[in-house]
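Visitor: My structure is in target_30.cif, and what it holds is mmCIF, C-alpha atoms:
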```
data_final
loop_
_atom_site.label_atom_id
_atom_site.label_comp_id
_atom_site.auth_asym_id
_atom_site.auth_seq_id
_atom_site.Cartn_x
_atom_site.Cartn_y
_atom_site.Cartn_z
CA MET A 738 -54.89 -31.50 -8.18
CA THR A 739 -51.75 -32.89 -9.67
CA THR A 740 -51.37 -36.49 -10.49
CA LEU A 741 -47.66 -36.89 -10.27
CA SER A 742 -47.24 -40.41 -11.39
CA THR A 743 -49.68 -42.75 -12.92
CA ASN A 744 -47.25 -44.19 -15.40
CA PRO A 745 -48.88 -46.81 -17.53
CA GLN A 746 -46.73 -49.86 -17.14
CA SER A 747 -45.07 -50.62 -20.42
CA HIS A 748 -43.16 -53.33 -18.55
CA SER A 749 -44.44 -55.37 -15.64
CA THR A 750 -42.64 -54.86 -12.33
CA LYS A 751 -40.94 -58.24 -12.75
CA GLN A 752 -39.66 -57.36 -16.21
CA THR A 753 -38.39 -53.98 -15.01
CA MET A 754 -36.54 -55.60 -12.09
CA LEU A 755 -35.03 -58.19 -14.44
CA ILE A 756 -33.82 -55.52 -16.86
CA ALA A 757 -32.42 -53.40 -14.02
CA THR A 758 -30.58 -56.37 -12.48
CA SER A 759 -29.01 -57.48 -15.76
CA LEU A 760 -27.93 -53.92 -16.54
CA ALA A 761 -26.37 -53.65 -13.07
CA ALA A 762 -24.42 -56.89 -13.65
CA ALA A 763 -23.26 -55.69 -17.08
CA TRP A 764 -22.23 -52.38 -15.49
CA ILE A 765 -20.03 -54.08 -12.87
CA ALA A 766 -18.40 -56.32 -15.48
CA ALA A 767 -17.70 -53.38 -17.81
CA TYR A 768 -16.33 -51.22 -14.99
CA ASN A 769 -13.78 -53.91 -14.11
CA LEU A 770 -12.74 -54.41 -17.71
CA ILE A 771 -11.91 -50.84 -18.77
CA GLN A 772 -8.48 -50.49 -17.13
CA PRO A 773 -6.95 -53.69 -18.61
CA LEU A 774 -8.66 -52.96 -21.92
CA ALA A 775 -7.31 -49.39 -22.13
CA ASN A 776 -3.77 -50.56 -21.36
CA TRP A 777 -4.07 -53.39 -23.84
CA ILE A 778 -5.19 -51.10 -26.68
CA ALA A 779 -2.56 -48.44 -26.01
CA TYR A 780 0.47 -50.58 -25.19
CA THR A 781 -0.17 -53.95 -26.84
CA ALA A 782 -2.44 -53.43 -29.83
CA LEU A 783 -0.95 -50.06 -30.83
CA GLY A 784 2.47 -50.96 -29.49
CA LEU A 785 3.08 -47.56 -27.84
CA SER A 786 5.74 -47.37 -25.18
CA GLN A 787 4.58 -47.01 -21.56
CA ASP A 788 6.98 -44.07 -21.16
CA SER A 789 5.96 -42.20 -24.30
CA ARG A 790 3.90 -39.05 -23.82
CA PHE A 791 1.42 -40.06 -26.48
CA GLY A 792 1.02 -43.56 -25.04
CA GLU A 793 0.43 -42.19 -21.58
CA SER A 794 -2.10 -39.64 -22.83
CA LEU A 795 -3.95 -42.22 -24.91
CA ALA A 796 -4.15 -44.80 -22.12
CA PHE A 797 -5.42 -42.05 -19.80
CA PHE A 798 -8.09 -41.05 -22.33
CA LEU A 799 -9.16 -44.63 -23.10
CA TYR A 800 -9.53 -45.37 -19.42
CA ASP A 801 -11.20 -42.15 -18.29
CA VAL A 802 -13.88 -41.81 -20.97
CA PRO A 803 -15.61 -45.16 -20.35
CA LYS A 804 -15.01 -44.89 -16.60
CA ILE A 805 -16.68 -41.47 -16.32
CA LEU A 806 -19.54 -42.41 -18.65
CA LEU A 807 -20.20 -45.61 -16.69
CA LEU A 808 -20.04 -43.74 -13.38
CA LEU A 809 -22.39 -41.09 -14.73
CA SER A 810 -24.94 -43.68 -15.88
CA GLY A 811 -24.83 -45.64 -12.64
CA MET A 812 -24.85 -42.69 -10.27
CA ILE A 813 -27.49 -40.70 -12.12
CA PHE A 814 -29.70 -43.76 -11.96
CA ILE A 815 -29.28 -43.94 -8.18
CA ILE A 816 -29.67 -40.17 -7.73
CA SER A 817 -32.87 -40.23 -9.81
CA ILE A 818 -34.30 -42.98 -7.62
CA VAL A 819 -33.48 -40.93 -4.50
CA ARG A 820 -35.00 -37.81 -6.05
CA SER A 821 -38.22 -39.67 -6.84
CA PHE A 822 -38.86 -39.54 -3.08
CA PHE A 823 -38.68 -35.75 -3.12
CA SER A 824 -40.69 -33.18 -5.04
CA ALA A 825 -40.93 -29.43 -5.30
CA GLU A 826 -44.31 -29.67 -3.55
CA ARG A 827 -42.93 -31.56 -0.58
CA THR A 828 -39.93 -29.24 -0.32
CA ARG A 829 -42.21 -26.24 -0.26
CA SER A 830 -44.30 -27.63 2.56
CA LEU A 831 -41.14 -28.57 4.51
CA LEU A 832 -39.83 -25.01 4.19
CA GLY A 833 -43.13 -23.31 4.96
CA GLY A 834 -43.04 -21.58 8.34
CA LYS A 835 -39.28 -22.06 8.81
CA ARG A 836 -37.38 -19.09 10.23
CA GLU A 837 -34.30 -17.63 8.57
CA GLY A 838 -31.18 -19.47 9.58
CA VAL A 839 -32.67 -22.93 10.07
CA GLY A 840 -34.67 -22.32 6.91
CA ASN A 841 -31.57 -21.39 4.89
CA ILE A 842 -29.72 -24.52 5.96
CA LEU A 843 -32.70 -26.77 5.26
CA ALA A 844 -33.37 -25.05 1.92
CA ALA A 845 -29.79 -25.54 0.77
CA MET A 846 -29.87 -29.22 1.70
CA LEU A 847 -33.22 -29.80 0.04
CA GLY A 848 -31.75 -28.07 -3.02
CA ILE A 849 -29.48 -31.09 -3.50
CA VAL A 850 -32.20 -33.74 -3.50
CA THR A 851 -35.21 -31.97 -4.99
CA PRO A 852 -35.63 -32.55 -8.73
CA PHE A 853 -34.96 -29.19 -10.37
CA CYS A 854 -34.51 -27.74 -13.81
CA SER A 855 -33.58 -24.10 -14.26
CA CYS A 856 -36.60 -23.63 -16.53
CA SER A 857 -38.73 -24.24 -13.42
CA ALA A 858 -36.99 -21.54 -11.39
CA VAL A 859 -39.78 -19.01 -11.91
CA PRO A 860 -42.83 -21.12 -10.96
CA LEU A 861 -40.86 -22.43 -8.02
CA PHE A 862 -39.87 -18.94 -6.89
CA ILE A 863 -43.47 -17.76 -7.10
CA GLY A 864 -44.74 -20.86 -5.31
CA PHE A 865 -42.26 -20.33 -2.45
CA VAL A 866 -43.18 -16.65 -2.11
CA GLU A 867 -46.85 -17.62 -2.17
CA ALA A 868 -46.28 -20.06 0.69
CA GLY A 869 -44.74 -17.25 2.77
CA ILE A 870 -41.22 -18.68 2.68
CA PRO A 871 -38.77 -15.80 3.39
CA LEU A 872 -36.97 -14.42 0.35
CA GLY A 873 -33.51 -15.31 1.71
CA VAL A 874 -34.56 -18.93 2.31
CA THR A 875 -36.00 -19.12 -1.21
CA PHE A 876 -32.70 -17.84 -2.59
CA SER A 877 -30.73 -20.43 -0.62
CA PHE A 878 -32.77 -23.09 -2.39
CA LEU A 879 -32.46 -21.43 -5.79
CA ILE A 880 -28.67 -21.28 -5.41
CA ALA A 881 -28.14 -24.80 -4.07
CA ALA A 882 -30.41 -26.59 -6.55
CA PRO A 883 -28.49 -25.78 -9.75
CA THR A 884 -25.04 -25.26 -8.15
CA ILE A 885 -24.76 -28.64 -6.47
CA ASN A 886 -25.09 -30.43 -9.75
CA GLU A 887 -25.31 -34.21 -9.99
CA VAL A 888 -23.16 -34.48 -13.11
CA ALA A 889 -20.44 -32.42 -11.41
CA ILE A 890 -20.62 -34.53 -8.23
CA VAL A 891 -20.20 -37.75 -10.18
CA MET A 892 -17.35 -36.40 -12.31
CA LEU A 893 -15.50 -35.08 -9.27
CA LEU A 894 -16.01 -38.43 -7.59
CA GLY A 895 -14.63 -40.25 -10.63
CA MET A 896 -11.65 -37.96 -11.24
CA PHE A 897 -10.65 -36.80 -7.75
CA GLY A 898 -12.27 -39.20 -5.30
CA TRP A 899 -14.82 -38.69 -2.56
CA ARG A 900 -12.92 -36.01 -0.61
CA VAL A 901 -13.01 -33.42 -3.38
CA ALA A 902 -16.58 -34.41 -4.29
CA GLY A 903 -17.48 -33.89 -0.62
CA LEU A 904 -15.69 -30.51 -0.54
CA TYR A 905 -17.61 -29.46 -3.62
CA ILE A 906 -20.94 -30.32 -1.98
CA LEU A 907 -19.85 -28.59 1.23
CA SER A 908 -18.79 -25.41 -0.55
CA GLY A 909 -22.02 -25.43 -2.60
CA LEU A 910 -24.01 -25.67 0.62
CA SER A 911 -21.99 -22.88 2.29
CA ILE A 912 -22.38 -20.58 -0.70
CA ALA A 913 -26.14 -21.19 -0.80
CA ILE A 914 -26.56 -20.65 2.95
CA ILE A 915 -24.31 -17.57 3.19
CA ALA A 916 -25.70 -15.89 0.07
CA GLY A 917 -29.28 -16.63 1.16
CA LEU A 918 -28.66 -15.18 4.62
CA ILE A 919 -27.15 -12.01 3.14
CA MET A 920 -30.03 -11.68 0.65
CA GLY A 921 -32.50 -12.02 3.53
CA ARG A 922 -30.79 -9.18 5.44
CA LEU A 923 -30.89 -6.85 2.46
CA LYS A 924 -34.72 -6.65 2.58
CA MET A 925 -35.20 -6.44 -1.15
CA GLU A 926 -38.82 -7.56 -1.27
CA LYS A 927 -39.83 -4.43 -3.20
CA TYR A 928 -37.65 -5.54 -6.09
CA VAL A 929 -39.70 -8.68 -6.68
CA ALA A 930 -41.97 -8.30 -9.73
CA ASP A 931 -45.37 -7.07 -8.58
CA PHE A 932 -47.44 -9.85 -10.11
CA VAL A 933 -45.64 -12.40 -7.93
CA TRP A 934 -47.29 -11.03 -4.77
CA LYS A 935 -50.72 -11.40 -6.33
CA VAL A 936 -50.55 -15.17 -6.74
CA HIS A 937 -52.81 -16.80 -4.18
CA ARG A 938 -54.02 -20.21 -5.12
CA THR A 939 -56.34 -22.12 -2.88
CA VAL A 940 -56.13 -25.51 -4.51
CA ASN A 941 -54.00 -27.96 -2.59
CA VAL A 942 -51.38 -29.74 -4.56
CA THR A 943 -51.62 -33.43 -3.84
CA GLU A 944 -49.22 -36.05 -4.97
CA GLU A 945 -49.68 -39.62 -5.88
CA LYS A 946 -46.95 -41.95 -4.70
CA PRO A 947 -45.12 -43.47 -7.68
CA THR A 948 -44.67 -47.23 -7.78
CA TRP A 949 -41.17 -48.76 -7.75
CA ASN A 950 -41.72 -49.74 -11.35
CA ALA A 951 -42.42 -46.11 -12.25
CA ARG A 952 -39.41 -44.87 -10.23
CA ILE A 953 -37.03 -47.28 -11.98
CA THR A 954 -38.46 -46.57 -15.43
CA GLN A 955 -38.22 -42.83 -14.85
CA ALA A 956 -34.63 -43.15 -13.56
CA GLY A 957 -33.73 -45.04 -16.75
CA ILE A 958 -35.19 -42.21 -18.83
CA SER A 959 -33.19 -39.61 -16.83
CA VAL A 960 -29.96 -41.53 -17.40
CA LYS A 961 -30.56 -41.62 -21.15
CA GLU A 962 -31.45 -37.94 -21.22
CA ILE A 963 -28.57 -36.62 -19.11
CA VAL A 964 -25.82 -38.88 -20.44
CA GLY A 965 -27.10 -38.23 -23.96
CA LYS A 966 -26.72 -34.51 -23.34
CA VAL A 967 -23.25 -34.47 -21.76
CA TRP A 968 -21.28 -37.36 -23.22
CA LEU A 969 -19.71 -35.34 -26.02
CA TYR A 970 -18.49 -32.65 -23.59
CA VAL A 971 -17.08 -35.38 -21.37
CA VAL A 972 -15.15 -36.88 -24.29
CA ILE A 973 -13.80 -33.51 -25.47
CA GLY A 974 -12.97 -32.43 -21.92
CA ILE A 975 -11.10 -35.65 -21.19
CA ALA A 976 -9.25 -35.41 -24.52
CA ILE A 977 -7.98 -31.93 -23.61
CA GLY A 978 -7.27 -33.10 -20.07
CA ALA A 979 -5.32 -36.08 -21.42
CA GLY A 980 -3.25 -33.73 -23.59
CA ILE A 981 -2.42 -31.52 -20.60
CA HIS A 982 -1.69 -34.63 -18.55
CA GLY A 983 0.83 -35.91 -21.06
CA TYR A 984 2.41 -32.74 -22.44
CA MET A 985 2.32 -29.86 -19.95
CA PRO A 986 5.34 -29.69 -17.65
CA GLU A 987 4.76 -30.39 -13.95
CA ALA A 988 4.11 -27.33 -11.79
CA ALA A 989 3.74 -25.10 -14.85
CA LEU A 990 0.71 -23.43 -13.32
CA VAL A 991 1.97 -22.83 -9.79
CA GLN A 992 2.73 -19.19 -10.64
CA ILE A 993 -0.64 -18.28 -12.14
CA MET A 994 -3.07 -20.70 -10.52
CA GLY A 995 -1.23 -21.67 -7.34
CA ARG A 996 -2.39 -20.66 -3.91
CA GLN A 997 0.11 -17.78 -3.62
CA ALA A 998 -1.55 -16.00 -6.52
CA TRP A 999 -4.50 -14.51 -4.63
CA TRP A 1000 -5.93 -12.85 -7.74
CA SER A 1001 -6.38 -16.23 -9.39
CA VAL A 1002 -9.60 -16.78 -7.38
CA PRO A 1003 -11.51 -13.73 -8.71
CA ALA A 1004 -10.01 -14.36 -12.15
CA ALA A 1005 -11.30 -17.96 -12.05
CA VAL A 1006 -14.77 -16.76 -11.05
CA LEU A 1007 -14.88 -14.22 -13.91
CA LEU A 1008 -13.63 -16.79 -16.39
CA GLY A 1009 -16.29 -19.25 -15.27
CA ILE A 1010 -19.26 -16.97 -16.00
CA PRO A 1011 -19.36 -17.36 -19.81
CA LEU A 1012 -18.71 -21.11 -19.55
CA TYR A 1013 -22.06 -21.93 -17.98
CA SER A 1014 -23.53 -25.40 -18.19
CA ASN A 1015 -20.34 -26.93 -19.48
CA ALA A 1016 -19.37 -28.46 -16.16
CA ALA A 1017 -19.13 -31.87 -17.81
CA GLY A 1018 -16.41 -30.65 -20.14
CA MET A 1019 -14.64 -28.36 -17.65
CA ILE A 1020 -14.04 -30.82 -14.83
CA PRO A 1021 -11.60 -33.11 -16.70
CA ILE A 1022 -9.62 -30.03 -17.73
CA VAL A 1023 -9.63 -28.68 -14.18
CA SER A 1024 -8.48 -32.08 -13.00
CA ALA A 1025 -5.46 -31.94 -15.29
CA LEU A 1026 -4.72 -28.33 -14.25
CA LEU A 1027 -4.71 -29.34 -10.59
CA GLU A 1028 -2.14 -31.96 -11.38
CA LYS A 1029 0.09 -29.23 -12.79
CA GLY A 1030 0.05 -27.00 -9.75
CA ALA A 1031 -3.26 -25.11 -9.71
CA SER A 1032 -4.64 -24.92 -6.16
CA LEU A 1033 -7.81 -26.67 -5.09
CA GLY A 1034 -9.58 -23.56 -3.79
CA THR A 1035 -9.07 -21.77 -7.10
CA ALA A 1036 -10.23 -24.84 -9.01
CA LEU A 1037 -13.35 -25.18 -6.84
CA ALA A 1038 -14.17 -21.47 -7.25
CA PHE A 1039 -13.82 -21.89 -11.00
CA MET A 1040 -16.15 -24.89 -11.09
CA MET A 1041 -18.71 -23.21 -8.85
CA SER A 1042 -18.66 -20.18 -11.12
CA VAL A 1043 -19.10 -22.32 -14.25
CA ILE A 1044 -22.09 -24.08 -12.74
CA GLY A 1045 -23.62 -21.52 -10.38
CA LEU A 1046 -23.34 -18.23 -12.27
CA SER A 1047 -25.42 -19.02 -15.30
CA LEU A 1048 -26.51 -16.29 -17.69
CA PRO A 1049 -29.53 -18.23 -19.02
CA GLU A 1050 -30.73 -18.60 -15.44
CA ALA A 1051 -30.34 -14.85 -14.95
CA VAL A 1052 -32.48 -14.25 -18.04
CA ILE A 1053 -35.17 -16.58 -16.69
CA LEU A 1054 -35.16 -14.98 -13.23
CA ARG A 1055 -35.40 -11.51 -14.76
CA ARG A 1056 -39.12 -12.28 -15.20
CA VAL A 1057 -39.69 -12.23 -11.46
CA LEU A 1058 -36.80 -10.14 -10.14
CA LYS A 1059 -36.35 -6.47 -10.90
CA MET A 1060 -32.90 -5.45 -12.09
CA PRO A 1061 -31.43 -4.24 -8.74
CA LEU A 1062 -32.39 -7.53 -7.06
CA LEU A 1063 -31.11 -9.66 -9.94
CA VAL A 1064 -27.76 -7.87 -9.97
CA THR A 1065 -27.46 -8.08 -6.18
CA PHE A 1066 -28.36 -11.77 -6.27
CA PHE A 1067 -25.63 -12.66 -8.76
CA SER A 1068 -23.05 -10.40 -7.10
CA VAL A 1069 -23.70 -11.99 -3.71
CA ILE A 1070 -23.27 -15.48 -5.21
CA ALA A 1071 -20.04 -14.39 -6.93
CA ILE A 1072 -18.68 -12.98 -3.67
CA ALA A 1073 -19.69 -16.11 -1.76
CA ILE A 1074 -17.91 -18.26 -4.37
CA MET A 1075 -14.75 -16.18 -4.02
CA LEU A 1076 -14.85 -16.42 -0.23
CA THR A 1077 -15.10 -20.22 -0.44
CA GLY A 1078 -12.23 -20.26 -2.93
CA PHE A 1079 -10.02 -18.21 -0.59
CA LEU A 1080 -11.09 -20.32 2.36
CA PHE A 1081 -10.10 -23.59 0.71
CA ASN A 1082 -6.82 -22.16 -0.57
CA TRP A 1083 -6.09 -21.08 2.97
CA ILE A 1084 -7.02 -24.23 4.90
CA LEU A 1085 -5.98 -26.94 2.45
CA MET B 580 -64.01 -30.38 -27.96
CA LEU B 581 -61.14 -30.54 -25.49
CA THR B 582 -58.94 -27.66 -24.46
CA ILE B 583 -55.37 -28.68 -23.76
CA LYS B 584 -52.86 -26.23 -22.33
CA VAL B 585 -49.13 -26.71 -22.20
CA LEU B 586 -47.67 -24.57 -19.41
CA GLY B 587 -44.03 -23.60 -19.75
CA SER B 588 -41.62 -20.89 -20.71
CA GLY B 589 -40.71 -22.52 -24.01
CA CYS B 590 -37.88 -24.71 -22.77
CA GLU B 591 -36.93 -28.00 -24.34
CA ASN B 592 -39.18 -30.05 -22.05
CA CYS B 593 -42.20 -27.88 -22.84
CA LYS B 594 -41.70 -28.47 -26.56
CA LYS B 595 -41.46 -32.21 -25.98
CA LEU B 596 -44.65 -32.15 -23.93
CA GLU B 597 -46.47 -30.16 -26.58
CA GLU B 598 -45.38 -32.67 -29.20
CA ALA B 599 -46.58 -35.60 -27.07
CA ALA B 600 -49.93 -33.87 -26.48
CA ARG B 601 -50.45 -33.19 -30.18
CA GLN B 602 -49.51 -36.78 -31.00
CA ALA B 603 -52.01 -38.10 -28.45
CA VAL B 604 -54.74 -35.89 -29.93
CA ALA B 605 -53.94 -37.09 -33.44
CA ASP B 606 -53.85 -40.75 -32.42
CA MET B 607 -57.17 -40.56 -30.61
CA ARG B 608 -58.75 -38.55 -33.42
CA VAL B 609 -60.40 -36.23 -30.90
CA GLU B 610 -61.20 -32.61 -31.50
CA ALA B 611 -58.92 -30.58 -29.32
CA GLU B 612 -57.27 -27.22 -29.21
CA VAL B 613 -53.68 -27.19 -27.96
CA ILE B 614 -52.70 -23.86 -26.42
CA LYS B 615 -49.23 -22.90 -25.23
CA VAL B 616 -49.18 -20.78 -22.09
CA THR B 617 -45.90 -18.93 -21.63
CA ASP B 618 -47.10 -16.06 -19.47
CA TYR B 619 -46.13 -16.72 -15.87
CA ALA B 620 -49.05 -14.81 -14.35
CA GLU B 621 -51.49 -17.00 -16.27
CA MET B 622 -49.46 -20.13 -15.66
CA MET B 623 -49.55 -19.55 -11.93
CA THR B 624 -53.33 -19.68 -11.80
CA TYR B 625 -52.88 -23.46 -11.97
CA PRO B 626 -51.47 -25.25 -8.94
CA LEU B 627 -48.05 -26.07 -10.29
CA LEU B 628 -44.56 -25.54 -8.89
CA SER B 629 -42.48 -26.87 -11.73
CA THR B 630 -42.82 -26.82 -15.49
CA PRO B 631 -43.79 -28.21 -17.89
CA GLY B 632 -47.41 -28.52 -16.88
CA LEU B 633 -50.29 -30.11 -18.74
CA VAL B 634 -53.86 -28.88 -18.36
CA VAL B 635 -56.84 -30.73 -19.83
CA ASN B 636 -60.17 -28.87 -19.72
CA GLU B 637 -58.84 -26.48 -17.03
CA LYS B 638 -57.59 -29.30 -14.82
CA LEU B 639 -53.85 -29.65 -14.17
CA VAL B 640 -53.05 -33.31 -14.79
CA ALA B 641 -49.25 -33.34 -14.67
CA SER B 642 -46.40 -31.03 -13.76
CA GLY B 643 -42.63 -31.10 -13.57
CA ARG B 644 -42.18 -34.00 -15.95
CA ILE B 645 -43.00 -35.17 -19.46
CA PRO B 646 -45.76 -37.75 -19.24
CA THR B 647 -45.86 -40.54 -21.79
CA GLU B 648 -48.27 -40.37 -24.69
CA ALA B 649 -50.22 -43.28 -23.20
CA GLU B 650 -50.77 -41.33 -19.99
CA ILE B 651 -51.91 -38.29 -21.92
CA MET B 652 -54.36 -40.45 -23.84
CA THR B 653 -55.82 -41.73 -20.55
CA TRP B 654 -56.35 -38.16 -19.32
CA LEU B 655 -57.94 -37.13 -22.61
CA ALA B 656 -60.28 -40.11 -22.44
CA ASN B 657 -61.20 -39.25 -18.83
CA ALA B 658 -61.90 -35.65 -19.81
CA LEU B 659 -64.11 -36.76 -22.70
CA GLU B 660 -66.10 -38.97 -20.34
CA ALA B 661 -66.51 -36.19 -17.80
CA ALA B 662 -67.65 -33.69 -20.43
#
```
Take the structure from the file and write it as structure tokens.
Guide:
Amino acid sequence: MTTLSTNPQSHSTKQTMLIATSLAAAWIAAYNLIQPLANWIAYTALGLSQDSRFGESLAFFLYDVPKILLLLSGMIFIISIVRSFFSAERTRSLLGGKREGVGNILAAMLGIVTPFCSCSAVPLFIGFVEAGIPLGVTFSFLIAAPTINEVAIVMLLGMFGWRVAGLYILSGLSIAIIAGLIMGRLKMEKYVADFVWKVHRTVNVTEEKPTWNARITQAGISVKEIVGKVWLYVVIGIAIGAGIHGYMPEAALVQIMGRQAWWSVPAAVLLGIPLYSNAAGMIPIVSALLEKGASLGTALAFMMSVIGLSLPEAVILRRVLKMPLLVTFFSVIAIAIMLTGFLFNWIL
Amino acid sequence: MLTIKVLGSGCENCKKLEEAARQAVADMRVEAEVIKVTDYAEMMTYPLLSTPGLVVNEKLVASGRIPTEAEIMTWLANALEAA
């Protein structure tokens, strides 16, 4: 039996609501103030010219940093509330008995909303296998959950708008579904570590429904944790992005990262592998590169590779996957990322 | 004497949970042994799907999150009563 939430109430529900409402009001006020404030600091207080490269870069930096950090705090709060309605346990029971195909699609979608941390990949994998969920469906979930990353969604939303954020989610889903379907066809069950097949637990996992107070408190904790972890990368990333924005000539990258350069997609995927978990810092840079002529498909492939092909995750999964399966798994994801990159370069 | 197990591969969250558990034990002045379980085969004998997990006297009380120290103290008190 798992008791999922019996948070002792450090604040009463009324107090929590009051705090949440005042923070929301402060958030809206701050969000509306950053643009005039950034311009005022750069052009009035520091007296930089609106046409100067440095002035432009600085105003861009002063506006983007608070904007992205505010968006991150607000959106992660909302996403955490949504996720409090989902759990690994519920996802597992939803996927149990689903056939391949439908199962892969459902698994990829649940991967977005189910709370997930890559350190839980192994127990989750074993739990899915135990419930008889097909291997390919399990992989669809294991790809979607870390790849469609909430920090990346929010940053794309803030820097490119909803269309690119939507494309990112869509390509993450396609990669997870395609790679999961391929993995299912390859029939690699014998390359799953033997002990995994021996797990048969009879105890039912039951959940207790968290109260709204607990959901809001927990969401506040998540915001602190996640923003606390990424803010420095965001600042550094935006600083580099602001430099590129102000100093690099227009269209400088068309030759090497434009859509005519087909090899830029695999190159972007390879380059992304060692940069794992730094999505927060990479996205502002990618944003500036796009402005200078890199193509969207290449940029998306690069981001997917940064987020989805993570070496630490490979190390963790090594505990349950034998080498041939692990290598196949990551190769299939890499190929699926490249295909999506080519696809978007072609259609956009 | 309580037996407390922290289930997890040694990630950041597991360390935080272990700390919270040890703090709760110290604050309540109860006799307890805190054991870290990092072996997946052993971990999976408890009904958990996500780590970190907290086990008090062989009963899984929380998984997939870091409970507060106050919560842990409640579970320890319950386990003492049941024993």
Visitor: Could you tell me which residues the PyMOL selection byres ((chain A and resi 881) around 9) grabs in this file, written as a PDB file with C-alpha atoms, in the coordinates of the input?
Guide:
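Contents of selection01.pdb, as written:
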```pdb
ATOM      1  CA  ALA A 844     -33.370 -25.050   1.920  1.00  0.00           C
ATOM      2  CA  ALA A 845     -29.790 -25.540   0.770  1.00  0.00           C
ATOM      3  CA  MET A 846     -29.870 -29.220   1.700  1.00  0.00           C
ATOM      4  CA  LEU A 847     -33.220 -29.800   0.040  1.00  0.00           C
ATOM      5  CA  GLY A 848     -31.750 -28.070  -3.020  1.00  0.00           C
ATOM      6  CA  ILE A 849     -29.480 -31.090  -3.500  1.00  0.00           C
ATOM      7  CA  PHE A 876     -32.700 -17.840  -2.590  1.00  0.00           C
ATOM      8  CA  SER A 877     -30.730 -20.430  -0.620  1.00  0.00           C
ATOM      9  CA  PHE A 878     -32.770 -23.090  -2.390  1.00  0.00           C
ATOM     10  CA  LEU A 879     -32.460 -21.430  -5.790  1.00  0.00           C
ATOM     11  CA  ILE A 880     -28.670 -21.280  -5.410  1.00  0.00           C
ATOM     12  CA  ALA A 882     -30.410 -26.590  -6.550  1.00  0.00           C
ATOM     13  CA  PRO A 883     -28.490 -25.780  -9.750  1.00  0.00           C
ATOM     14  CA  THR A 884     -25.040 -25.260  -8.150  1.00  0.00           C
ATOM     15  CA  ILE A 885     -24.760 -28.640  -6.470  1.00  0.00           C
ATOM     16  CA  ASN A 886     -25.090 -30.430  -9.750  1.00  0.00           C
ATOM     17  CA  GLY A 909     -22.020 -25.430  -2.600  1.00  0.00           C
ATOM     18  CA  LEU A 910     -24.010 -25.670   0.620  1.00  0.00           C
ATOM     19  CA  ILE A 912     -22.380 -20.580  -0.700  1.00  0.00           C
ATOM     20  CA  ALA A 913     -26.140 -21.190  -0.800  1.00  0.00           C
ATOM     21  CA  ILE A 914     -26.560 -20.650   2.950  1.00  0.00           C
ATOM     22  CA  GLY A1045     -23.620 -21.520 -10.380  1.00  0.00           C
TER      23      GLY A1045
END
```
Visitor: Once 8 Å is added on each side, what centre and edge lengths in Å to one decimal does the axis-aligned box around all listed atoms of region 865-879 of chain A have, as JSON?
Guide:
```
{"center_x": -38.8, "center_y": -18.8, "center_z": -1.2, "size_x": 32.1, "size_y": 24.7, "size_z": 25.2}
```
Visitor: Find, counting all atoms listed in the file, the residue in A:Ala1031, A:Cys854, A:Ile973, A:Val874 that gets nearest to chain B.
Guide: A:Cys854
Visitor: Which of these, A:Ala889, A:Ile958, A:Ala1071, A:Val802, has the shortest distance to chain B once you count only C-alpha atoms?
Guide: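 Ranked by minimum distance to chain B, first place goes to A:Ile958.
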Visitor: For the file shown, report as a list in words the outcome of the PyMOL selection byres ((chain B and resi 613) around 7) at residue level.
Guide: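 Evaluating the PyMOL selection byres ((chain B and resi 613) around 7) on this file yields Thr582, Ile583, Lys584, Ala611, Glu612, Ile614 and Lys615 of chain B.
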Visitor: Could you state which residues are captured by the PyMOL selection byres ((chain B) within 6 of (chain A)) in this file, as a list in words?
Guide: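 Selected by the PyMOL selection byres ((chain B) within 6 of (chain A)) here: Leu628, Ser629, Thr630, Leu639, Val640 and Ala641 of chain B.
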Visitor: Measure the distance from CA of Pro871 (chain A) to CA of Glu621 (chain B) in Å and round it to one decimal.
Guide: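 So the answer is 23.4 Å.
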Visitor: If we count all atoms listed in the file, what is near Leu774 (chain A) at a cut-off of 12 Å, once residues fewer than 4 positions away on the same chain are taken out, given as a ChimeraX atom specification?
Guide: /A:767-770,778-782,796-801,803-804
Visitor: So how far away is CA of Leu1012 (chain A) from CA of Gly978 (chain A), in Å?
Guide: 16.6 Å
Visitor: So the first atom is CA of Lys1029 (chain A) and the second is CA of Ile981 (chain A); what is the distance between them in Å, to one decimal place?
Guide: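 A separation of 8.5 Å between them.
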Visitor: Quick one: residues within 8 Å of region 644-657 of chain B, all atoms listed in the file, excluding same-chain residues fewer than 3 positions away - as a PyMOL selection string?
Guide: (chain A and resi 743-745) or (chain B and resi 581+592+595-596+599-600+602-604+607+630-632+635+640-641+660-661)
